[in-house]
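Just upload-v5.cif here, mmCIF, N, CA and C atoms:
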data_start
#
loop_
_atom_site.label_atom_id
_atom_site.label_comp_id
_atom_site.auth_asym_id
_atom_site.auth_seq_id
_atom_site.Cartn_x
_atom_site.Cartn_y
_atom_site.Cartn_z
N MET A 24 107.59 -6.07 -106.30
CA MET A 24 108.39 -5.71 -105.15
C MET A 24 108.53 -6.94 -104.26
N THR A 25 109.73 -7.12 -103.74
CA THR A 25 109.98 -8.20 -102.80
C THR A 25 110.47 -7.60 -101.50
N ILE A 26 109.74 -7.81 -100.43
CA ILE A 26 110.20 -7.40 -99.11
C ILE A 26 110.73 -8.63 -98.43
N ILE A 27 111.98 -8.53 -97.97
CA ILE A 27 112.66 -9.67 -97.40
C ILE A 27 112.77 -9.50 -95.90
N SER A 28 112.32 -10.45 -95.15
CA SER A 28 112.48 -10.46 -93.71
C SER A 28 113.12 -11.79 -93.36
N VAL A 29 114.40 -11.75 -93.07
CA VAL A 29 115.16 -12.96 -92.86
C VAL A 29 115.49 -13.10 -91.39
N PRO A 30 115.16 -14.23 -90.75
CA PRO A 30 115.53 -14.40 -89.35
C PRO A 30 117.05 -14.42 -89.22
N PRO A 31 117.58 -13.76 -88.19
CA PRO A 31 119.02 -13.76 -88.00
C PRO A 31 119.56 -15.13 -87.68
N SER A 32 120.83 -15.36 -88.02
CA SER A 32 121.41 -16.68 -87.81
C SER A 32 121.91 -16.89 -86.39
N ALA A 33 122.26 -15.83 -85.70
CA ALA A 33 122.79 -15.97 -84.33
C ALA A 33 121.64 -15.90 -83.33
N PRO A 34 121.64 -16.76 -82.30
CA PRO A 34 120.52 -16.81 -81.38
C PRO A 34 120.32 -15.53 -80.57
N GLN A 35 121.38 -14.72 -80.33
CA GLN A 35 121.21 -13.53 -79.52
C GLN A 35 120.44 -12.44 -80.26
N ARG A 36 120.31 -12.55 -81.56
CA ARG A 36 119.56 -11.58 -82.34
C ARG A 36 118.15 -12.10 -82.53
N SER A 37 117.19 -11.39 -81.96
CA SER A 37 115.85 -11.94 -81.96
C SER A 37 114.94 -11.43 -83.08
N LEU A 38 115.25 -10.28 -83.66
CA LEU A 38 114.35 -9.73 -84.66
C LEU A 38 115.02 -9.70 -86.04
N PRO A 39 114.26 -10.04 -87.07
CA PRO A 39 114.83 -10.03 -88.43
C PRO A 39 115.00 -8.61 -88.95
N ALA A 40 115.86 -8.46 -89.92
CA ALA A 40 116.04 -7.18 -90.59
C ALA A 40 114.81 -6.89 -91.45
N ARG A 41 114.42 -5.63 -91.51
CA ARG A 41 113.29 -5.22 -92.35
C ARG A 41 113.88 -4.42 -93.52
N PHE A 42 113.79 -4.98 -94.70
CA PHE A 42 114.35 -4.32 -95.87
C PHE A 42 113.68 -4.80 -97.13
N ALA A 43 113.88 -4.05 -98.20
CA ALA A 43 113.37 -4.41 -99.52
C ALA A 43 114.43 -4.02 -100.53
N LEU A 44 114.65 -4.87 -101.54
CA LEU A 44 115.68 -4.63 -102.55
C LEU A 44 115.07 -4.57 -103.94
N LEU A 45 115.74 -3.83 -104.80
CA LEU A 45 115.37 -3.88 -106.22
C LEU A 45 115.62 -5.30 -106.72
N PRO A 46 114.88 -5.75 -107.69
CA PRO A 46 115.12 -7.09 -108.24
C PRO A 46 116.53 -7.18 -108.84
N GLN A 47 117.15 -8.34 -108.71
CA GLN A 47 118.47 -8.54 -109.30
C GLN A 47 118.37 -8.46 -110.81
N GLY A 48 119.46 -8.03 -111.44
CA GLY A 48 119.51 -7.97 -112.89
C GLY A 48 118.82 -6.77 -113.51
N THR A 49 118.51 -5.76 -112.70
CA THR A 49 117.84 -4.58 -113.26
C THR A 49 118.82 -3.45 -113.52
N GLY A 50 120.12 -3.74 -113.48
CA GLY A 50 121.12 -2.73 -113.78
C GLY A 50 121.56 -1.96 -112.56
N LEU A 51 122.35 -0.93 -112.81
CA LEU A 51 122.87 -0.10 -111.74
C LEU A 51 121.86 0.96 -111.35
N HIS A 52 121.78 1.22 -110.06
CA HIS A 52 120.86 2.22 -109.54
C HIS A 52 121.56 3.02 -108.46
N ARG A 53 121.12 4.23 -108.25
CA ARG A 53 121.67 5.05 -107.17
C ARG A 53 121.31 4.44 -105.82
N ILE A 54 120.10 3.95 -105.70
CA ILE A 54 119.63 3.32 -104.47
C ILE A 54 119.21 1.90 -104.83
N ASP A 55 119.71 0.92 -104.05
CA ASP A 55 119.43 -0.50 -104.32
C ASP A 55 118.24 -1.05 -103.55
N GLY A 56 117.65 -0.23 -102.70
CA GLY A 56 116.53 -0.68 -101.90
C GLY A 56 116.40 0.17 -100.65
N ALA A 57 115.72 -0.36 -99.65
CA ALA A 57 115.48 0.38 -98.41
C ALA A 57 115.61 -0.52 -97.20
N TRP A 58 115.95 0.08 -96.08
CA TRP A 58 116.12 -0.62 -94.81
C TRP A 58 115.40 0.17 -93.73
N TRP A 59 114.63 -0.50 -92.93
CA TRP A 59 113.88 0.13 -91.85
C TRP A 59 114.33 -0.46 -90.53
N PRO A 60 115.39 0.10 -89.93
CA PRO A 60 115.86 -0.41 -88.64
C PRO A 60 114.87 -0.09 -87.52
N ARG A 61 114.95 -0.83 -86.44
CA ARG A 61 114.05 -0.64 -85.31
C ARG A 61 114.54 0.42 -84.33
N THR A 62 115.86 0.67 -84.33
CA THR A 62 116.46 1.63 -83.39
C THR A 62 117.53 2.44 -84.12
N ARG A 63 118.15 3.35 -83.42
CA ARG A 63 119.27 4.14 -83.95
C ARG A 63 120.60 3.60 -83.43
N HIS A 64 120.62 2.37 -82.96
CA HIS A 64 121.83 1.72 -82.47
C HIS A 64 122.39 0.84 -83.59
N LEU A 65 123.34 1.40 -84.33
CA LEU A 65 123.87 0.73 -85.51
C LEU A 65 124.49 -0.62 -85.19
N ALA A 66 125.18 -0.74 -84.08
CA ALA A 66 125.83 -2.01 -83.71
C ALA A 66 124.80 -3.11 -83.49
N ALA A 67 123.62 -2.76 -83.06
CA ALA A 67 122.56 -3.76 -82.86
C ALA A 67 121.80 -4.04 -84.15
N GLU A 68 121.66 -3.04 -85.00
CA GLU A 68 120.86 -3.17 -86.22
C GLU A 68 121.61 -3.79 -87.39
N LEU A 69 122.92 -3.57 -87.47
CA LEU A 69 123.68 -4.07 -88.62
C LEU A 69 123.76 -5.59 -88.74
N PRO A 70 124.03 -6.33 -87.65
CA PRO A 70 124.20 -7.79 -87.82
C PRO A 70 123.05 -8.49 -88.53
N PRO A 71 121.79 -8.26 -88.15
CA PRO A 71 120.72 -8.95 -88.89
C PRO A 71 120.65 -8.53 -90.36
N LEU A 72 120.92 -7.25 -90.64
CA LEU A 72 120.91 -6.79 -92.03
C LEU A 72 122.02 -7.45 -92.83
N LEU A 73 123.22 -7.47 -92.30
CA LEU A 73 124.35 -8.08 -93.02
C LEU A 73 124.13 -9.57 -93.23
N ASP A 74 123.58 -10.25 -92.23
CA ASP A 74 123.26 -11.68 -92.39
C ASP A 74 122.26 -11.88 -93.53
N ALA A 75 121.24 -11.03 -93.56
CA ALA A 75 120.18 -11.18 -94.56
C ALA A 75 120.67 -10.85 -95.96
N LEU A 76 121.65 -9.93 -96.08
CA LEU A 76 122.15 -9.54 -97.39
C LEU A 76 123.27 -10.44 -97.91
N ALA A 77 123.78 -11.33 -97.08
CA ALA A 77 124.95 -12.13 -97.44
C ALA A 77 124.76 -12.95 -98.72
N SER A 78 123.59 -13.51 -98.94
CA SER A 78 123.40 -14.33 -100.13
C SER A 78 123.47 -13.53 -101.42
N ARG A 79 123.12 -12.26 -101.37
CA ARG A 79 123.13 -11.42 -102.57
C ARG A 79 124.38 -10.54 -102.67
N TRP A 80 124.86 -10.02 -101.54
CA TRP A 80 125.96 -9.07 -101.57
C TRP A 80 127.26 -9.64 -101.02
N GLY A 81 127.25 -10.87 -100.58
CA GLY A 81 128.48 -11.48 -100.10
C GLY A 81 128.92 -10.95 -98.75
N ARG A 82 130.20 -10.98 -98.57
CA ARG A 82 130.80 -10.62 -97.29
C ARG A 82 131.05 -9.11 -97.22
N ILE A 83 130.13 -8.40 -96.63
CA ILE A 83 130.23 -6.95 -96.50
C ILE A 83 131.27 -6.65 -95.43
N THR A 84 132.23 -5.78 -95.78
CA THR A 84 133.33 -5.48 -94.87
C THR A 84 133.38 -4.02 -94.44
N ARG A 85 132.68 -3.14 -95.13
CA ARG A 85 132.68 -1.71 -94.81
C ARG A 85 131.27 -1.16 -94.88
N VAL A 86 130.98 -0.30 -93.93
CA VAL A 86 129.68 0.36 -93.87
C VAL A 86 129.93 1.85 -93.65
N THR A 87 129.28 2.69 -94.43
CA THR A 87 129.38 4.14 -94.24
C THR A 87 127.99 4.69 -93.99
N VAL A 88 127.88 5.47 -92.92
CA VAL A 88 126.61 6.09 -92.55
C VAL A 88 126.84 7.55 -92.23
N ASP A 89 125.79 8.31 -92.24
CA ASP A 89 125.86 9.69 -91.78
C ASP A 89 125.72 9.66 -90.26
N ALA A 90 126.66 10.26 -89.56
CA ALA A 90 126.69 10.21 -88.10
C ALA A 90 125.43 10.79 -87.45
N SER A 91 124.78 11.75 -88.10
CA SER A 91 123.62 12.38 -87.50
C SER A 91 122.40 11.46 -87.44
N MET A 92 122.41 10.38 -88.20
CA MET A 92 121.28 9.46 -88.23
C MET A 92 121.32 8.43 -87.10
N TRP A 93 122.52 8.20 -86.53
CA TRP A 93 122.73 7.08 -85.60
C TRP A 93 123.29 7.55 -84.27
N ASN A 94 122.99 6.79 -83.22
CA ASN A 94 123.62 7.02 -81.92
C ASN A 94 125.11 6.73 -82.03
N ALA A 95 125.88 7.30 -81.13
CA ALA A 95 127.32 7.03 -81.12
C ALA A 95 127.53 5.52 -80.97
N GLY A 96 128.62 5.03 -81.54
CA GLY A 96 128.88 3.60 -81.47
C GLY A 96 130.27 3.28 -81.95
N PRO A 97 130.57 2.00 -82.07
CA PRO A 97 131.92 1.57 -82.44
C PRO A 97 132.26 1.89 -83.90
N HIS A 98 133.55 1.92 -84.18
CA HIS A 98 134.03 2.09 -85.55
C HIS A 98 134.34 0.75 -86.19
N ARG A 99 134.24 -0.29 -85.39
CA ARG A 99 134.41 -1.66 -85.89
C ARG A 99 133.41 -2.56 -85.19
N LEU A 100 132.96 -3.54 -85.92
CA LEU A 100 132.02 -4.51 -85.39
C LEU A 100 132.54 -5.89 -85.75
N VAL A 101 132.68 -6.76 -84.77
CA VAL A 101 133.17 -8.11 -85.02
C VAL A 101 131.98 -9.06 -85.08
N LEU A 102 131.87 -9.74 -86.20
CA LEU A 102 130.81 -10.72 -86.40
C LEU A 102 131.48 -12.06 -86.71
N GLY A 103 131.54 -12.92 -85.73
CA GLY A 103 132.25 -14.19 -85.92
C GLY A 103 133.72 -13.92 -86.15
N ARG A 104 134.21 -14.33 -87.32
CA ARG A 104 135.62 -14.14 -87.66
C ARG A 104 135.88 -12.91 -88.53
N ARG A 105 134.86 -12.17 -88.83
CA ARG A 105 135.08 -11.01 -89.69
C ARG A 105 134.89 -9.71 -88.93
N VAL A 106 135.55 -8.68 -89.43
CA VAL A 106 135.48 -7.35 -88.85
C VAL A 106 134.81 -6.43 -89.86
N ILE A 107 133.80 -5.71 -89.41
CA ILE A 107 133.11 -4.75 -90.24
C ILE A 107 133.61 -3.37 -89.83
N HIS A 108 134.14 -2.62 -90.76
CA HIS A 108 134.62 -1.27 -90.50
C HIS A 108 133.47 -0.30 -90.74
N ILE A 109 133.21 0.54 -89.74
CA ILE A 109 132.10 1.48 -89.82
C ILE A 109 132.65 2.90 -89.89
N SER A 110 132.30 3.60 -90.95
CA SER A 110 132.68 5.01 -91.10
C SER A 110 131.44 5.85 -90.84
N ARG A 111 131.61 6.81 -89.97
CA ARG A 111 130.53 7.74 -89.66
C ARG A 111 130.99 9.12 -90.12
N SER A 112 130.28 9.68 -91.05
CA SER A 112 130.68 10.99 -91.56
C SER A 112 129.55 11.99 -91.37
N ALA A 113 129.93 13.23 -91.33
CA ALA A 113 128.93 14.29 -91.27
C ALA A 113 128.63 14.69 -92.71
N GLY A 114 127.38 14.59 -93.07
CA GLY A 114 126.96 14.99 -94.41
C GLY A 114 127.57 14.14 -95.51
N MET A 115 127.46 12.82 -95.42
CA MET A 115 128.07 11.93 -96.41
C MET A 115 127.41 12.01 -97.78
N GLY A 116 126.45 12.83 -97.94
CA GLY A 116 125.77 12.94 -99.22
C GLY A 116 124.28 12.99 -99.00
N HIS A 117 123.79 12.06 -98.26
CA HIS A 117 122.36 12.05 -97.92
C HIS A 117 122.22 11.39 -96.56
N ARG A 118 121.58 12.10 -95.67
CA ARG A 118 121.44 11.63 -94.29
C ARG A 118 120.76 10.26 -94.20
N HIS A 119 119.86 9.98 -95.09
CA HIS A 119 119.04 8.77 -95.00
C HIS A 119 119.55 7.65 -95.90
N THR A 120 120.85 7.43 -95.93
CA THR A 120 121.38 6.31 -96.69
C THR A 120 122.45 5.59 -95.90
N VAL A 121 122.67 4.34 -96.29
CA VAL A 121 123.79 3.55 -95.77
C VAL A 121 124.46 2.94 -96.99
N CYS A 122 125.78 2.98 -96.98
CA CYS A 122 126.57 2.41 -98.07
C CYS A 122 127.28 1.18 -97.55
N LEU A 123 127.04 0.04 -98.17
CA LEU A 123 127.64 -1.23 -97.78
C LEU A 123 128.60 -1.68 -98.88
N LEU A 124 129.84 -1.99 -98.51
CA LEU A 124 130.83 -2.41 -99.49
C LEU A 124 131.24 -3.85 -99.25
N SER A 125 131.29 -4.60 -100.33
CA SER A 125 131.66 -6.00 -100.28
C SER A 125 132.74 -6.25 -101.32
N LEU A 126 133.89 -6.75 -100.87
CA LEU A 126 134.98 -7.05 -101.80
C LEU A 126 134.52 -8.10 -102.80
N GLY A 127 134.76 -7.82 -104.06
CA GLY A 127 134.41 -8.77 -105.10
C GLY A 127 132.97 -8.70 -105.56
N THR A 128 132.09 -8.08 -104.78
CA THR A 128 130.69 -7.97 -105.17
C THR A 128 130.33 -6.54 -105.52
N GLY A 129 130.82 -5.60 -104.75
CA GLY A 129 130.56 -4.20 -105.05
C GLY A 129 129.90 -3.46 -103.93
N ARG A 130 129.09 -2.53 -104.32
CA ARG A 130 128.50 -1.56 -103.40
C ARG A 130 126.99 -1.70 -103.40
N CYS A 131 126.42 -1.57 -102.22
CA CYS A 131 124.96 -1.57 -102.06
C CYS A 131 124.60 -0.32 -101.27
N ASP A 132 123.77 0.52 -101.84
CA ASP A 132 123.30 1.72 -101.15
C ASP A 132 121.82 1.55 -100.84
N LEU A 133 121.50 1.71 -99.57
CA LEU A 133 120.11 1.56 -99.14
C LEU A 133 119.60 2.86 -98.54
N LEU A 134 118.37 3.17 -98.86
CA LEU A 134 117.66 4.25 -98.19
C LEU A 134 117.39 3.77 -96.78
N VAL A 135 117.69 4.59 -95.77
CA VAL A 135 117.40 4.22 -94.39
C VAL A 135 116.15 4.97 -93.96
N ILE A 136 115.14 4.21 -93.62
CA ILE A 136 113.89 4.78 -93.14
C ILE A 136 114.02 4.92 -91.62
N PRO A 137 113.89 6.12 -91.08
CA PRO A 137 114.07 6.30 -89.64
C PRO A 137 113.18 5.35 -88.83
N PRO A 138 113.72 4.84 -87.72
CA PRO A 138 113.00 3.86 -86.92
C PRO A 138 111.61 4.31 -86.44
N ASP A 139 111.45 5.61 -86.21
CA ASP A 139 110.17 6.10 -85.68
C ASP A 139 109.15 6.43 -86.77
N THR A 140 109.46 6.06 -87.99
CA THR A 140 108.52 6.28 -89.09
C THR A 140 107.30 5.37 -88.92
N PRO A 141 106.09 5.91 -89.05
CA PRO A 141 104.90 5.05 -88.96
C PRO A 141 104.95 3.92 -90.00
N ALA A 142 104.43 2.77 -89.61
CA ALA A 142 104.52 1.56 -90.44
C ALA A 142 103.96 1.76 -91.85
N GLU A 143 102.84 2.43 -91.98
CA GLU A 143 102.24 2.62 -93.30
C GLU A 143 103.17 3.42 -94.21
N ARG A 144 103.73 4.51 -93.68
CA ARG A 144 104.65 5.34 -94.47
C ARG A 144 105.93 4.56 -94.78
N ALA A 145 106.45 3.83 -93.81
CA ALA A 145 107.66 3.03 -94.04
C ALA A 145 107.42 2.00 -95.13
N GLY A 146 106.27 1.37 -95.12
CA GLY A 146 105.93 0.39 -96.15
C GLY A 146 105.90 1.02 -97.54
N ARG A 147 105.33 2.21 -97.64
CA ARG A 147 105.29 2.91 -98.95
C ARG A 147 106.70 3.27 -99.41
N LEU A 148 107.52 3.76 -98.49
CA LEU A 148 108.89 4.13 -98.85
C LEU A 148 109.71 2.92 -99.28
N MET A 149 109.52 1.80 -98.58
CA MET A 149 110.24 0.58 -98.95
C MET A 149 109.79 0.09 -100.32
N ALA A 150 108.50 0.14 -100.57
CA ALA A 150 107.97 -0.29 -101.87
C ALA A 150 108.51 0.61 -102.98
N ASP A 151 108.53 1.90 -102.75
CA ASP A 151 109.02 2.84 -103.76
C ASP A 151 110.50 2.62 -104.04
N ALA A 152 111.30 2.44 -103.00
CA ALA A 152 112.75 2.28 -103.16
C ALA A 152 113.12 0.95 -103.80
N SER A 153 112.24 -0.02 -103.76
CA SER A 153 112.57 -1.35 -104.30
C SER A 153 111.86 -1.65 -105.62
N ARG A 154 111.24 -0.64 -106.20
CA ARG A 154 110.53 -0.81 -107.46
C ARG A 154 111.38 -0.21 -108.58
N THR A 155 111.62 -0.95 -109.63
CA THR A 155 112.36 -0.45 -110.77
C THR A 155 111.64 0.77 -111.31
N GLY A 156 112.39 1.86 -111.45
CA GLY A 156 111.79 3.10 -111.93
C GLY A 156 111.09 3.87 -110.83
N GLY A 157 111.17 3.35 -109.59
CA GLY A 157 110.53 4.03 -108.46
C GLY A 157 111.30 5.27 -108.07
N GLY A 158 110.82 5.94 -107.07
CA GLY A 158 111.40 7.20 -106.66
C GLY A 158 112.66 7.07 -105.84
N GLY A 159 113.06 5.86 -105.45
CA GLY A 159 114.26 5.73 -104.66
C GLY A 159 114.17 6.46 -103.33
N GLY A 160 112.96 6.54 -102.79
CA GLY A 160 112.79 7.16 -101.49
C GLY A 160 112.51 8.65 -101.55
N ARG A 161 112.14 9.17 -102.69
CA ARG A 161 111.82 10.60 -102.77
C ARG A 161 110.76 10.93 -101.74
N GLY A 162 110.90 12.06 -101.13
CA GLY A 162 109.94 12.49 -100.14
C GLY A 162 110.38 12.20 -98.74
N LEU A 163 111.39 11.36 -98.55
CA LEU A 163 111.83 11.06 -97.19
C LEU A 163 112.46 12.28 -96.57
N GLY A 164 113.10 13.11 -97.36
CA GLY A 164 113.77 14.29 -96.83
C GLY A 164 112.83 15.24 -96.11
N THR A 165 111.54 15.17 -96.37
CA THR A 165 110.59 16.05 -95.71
C THR A 165 110.12 15.46 -94.39
N HIS A 166 110.48 14.24 -94.11
CA HIS A 166 110.10 13.60 -92.85
C HIS A 166 111.11 13.98 -91.79
N THR A 167 110.67 14.65 -90.74
CA THR A 167 111.59 15.06 -89.68
C THR A 167 111.42 14.14 -88.48
N THR A 168 112.55 13.87 -87.85
CA THR A 168 112.51 12.99 -86.67
C THR A 168 113.33 13.62 -85.57
N ALA A 169 113.03 13.23 -84.36
CA ALA A 169 113.81 13.69 -83.21
C ALA A 169 115.16 13.00 -83.21
N GLY A 170 116.22 13.75 -82.95
CA GLY A 170 117.59 13.31 -83.00
C GLY A 170 117.93 12.02 -82.47
#
Can the structure from this file be put into structure tokens for me?
Amino acid sequence: MTIISVPPSAPQRSLPARFALLPQGTGLHRIDGAWWPRTRHLAAELPPLLDALASRWGRITRVTVDASMWNAGPHRLVLGRRVIHISRSAGMGHRHTVCLLSLGTGRCDLLVIPPDTPAERAGRLMADASRTGGGGGRGLGTHTTAG
């Protein structure tokens, strides 16, 4: 398992993204890894994640999340010269996922570990979601959090 914590490139972003990915070259998976944001503010949490994923997933231009997981926010996010389109849907399939689309590279689906998850549990979920043949975050659905 590789847990990646990459410092953000822009000075206004002070904390790195917390995520773990399946190893490259392991084929197609329903879940490509896990992300543990610090807050439910998508506009604040996405930039460090997108910066950290750029070397593997390229220029991500679309993000789809379940609206119930995140605070209200913009439908577009401008990062430098690029615009990220954010779709918020009710019941997009699984409340605890984010779908990232990159032209020419494809799709990355990450399990989203709620920000208020205790560190030990979040670590186990990230390890499970980033291990080939792992559970892809099974058991997260039983974790309840305040809205």
**Selection under test: the PyMOL selection byres ((chain A and resi 53-64) around 8); residues as a PyMOL selection string** = chain A and resi 40-46+50-52+65-69+92-96+121+130-139+145+148-154+159-160
**Request:** Identify, on the basis of all atoms listed in the file, every residue whose closest approach to His117 in chain A does not exceed 8 Å; exclude the query and any residue fewer than 3 positions from it along the same chain; express the result as JSON, numbers by chain.
**Result:** {"A": [88, 89, 113, 114, 120, 121]}
Write a file of the selected residues as a PDB file, in the coordinates of the input, keeping N, CA and C atoms.
ATOM      1  N   VAL A  88     127.880   5.470 -92.920  1.00  0.00           N
ATOM      2  CA  VAL A  88     126.610   6.090 -92.550  1.00  0.00           C
ATOM      3  C   VAL A  88     126.840   7.550 -92.230  1.00  0.00           C
ATOM      4  N   ASP A  89     125.790   8.310 -92.240  1.00  0.00           N
ATOM      5  CA  ASP A  89     125.860   9.690 -91.780  1.00  0.00           C
ATOM      6  C   ASP A  89     125.720   9.660 -90.260  1.00  0.00           C
ATOM      7  N   ALA A 113     129.930  13.230 -91.330  1.00  0.00           N
ATOM      8  CA  ALA A 113     128.930  14.290 -91.270  1.00  0.00           C
ATOM      9  C   ALA A 113     128.630  14.690 -92.710  1.00  0.00           C
ATOM     10  N   GLY A 114     127.380  14.590 -93.070  1.00  0.00           N
ATOM     11  CA  GLY A 114     126.960  14.990 -94.410  1.00  0.00           C
ATOM     12  C   GLY A 114     127.570  14.140 -95.510  1.00  0.00           C
ATOM     13  N   THR A 120     120.850   7.430 -95.930  1.00  0.00           N
ATOM     14  CA  THR A 120     121.380   6.310 -96.690  1.00  0.00           C
ATOM     15  C   THR A 120     122.450   5.590 -95.900  1.00  0.00           C
ATOM     16  N   VAL A 121     122.670   4.340 -96.290  1.00  0.00           N
ATOM     17  CA  VAL A 121     123.790   3.550 -95.770  1.00  0.00           C
ATOM     18  C   VAL A 121     124.460   2.940 -96.990  1.00  0.00           C
TER      19      VAL A 121
END
**Item:** Gap from CA of Thr128 in chain A to CA of Ala90 in chain A - Å, one decimal
**Value:**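 Taking CA of Thr128 in chain A and CA of Ala90 in chain A, their separation equals 25.3 Å.
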**Message:** Taking the DSSP secondary structure from the backbone, can you list the residues of range 60-145 of chain A that are alpha helix (DSSP H), as a list of chain:residue names?
**Reply:**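 Filtering range 60-145 of chain A down to alpha helix (DSSP H) leaves A:Leu65, A:Ala66, A:Ala67, A:Glu68, A:Leu69, A:Pro70, A:Pro71, A:Leu72, A:Leu73, A:Asp74, A:Ala75, A:Leu76, A:Ala77, A:Ser78, A:Arg79, A:Trp80, A:Ala142, A:Glu143, A:Arg144, A:Ala145.
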**Message:** Taking all atoms listed in the file into account, name the residue in A:Thr84, A:Cys122, A:Ala142, A:Leu38 that is nearest to Arg105 in chain A.
**Reply:**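 For Arg105 in chain A, the nearest of the candidates is A:Thr84.
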**Message:** Can you measure atom C of Pro70 in chain A to atom C of Arg85 in chain A for me? One decimal in Å is fine.
**Reply:**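 Between atom C of Pro70 in chain A and atom C of Arg85 in chain A the gap is 12.7 Å.
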**Request:** Would you mind reading off the distance between atom N of Gly81 in chain A and atom C of Arg147 in chain A, one decimal, in Å?
**Result:**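 Those two atoms sit 25.0 Å apart.
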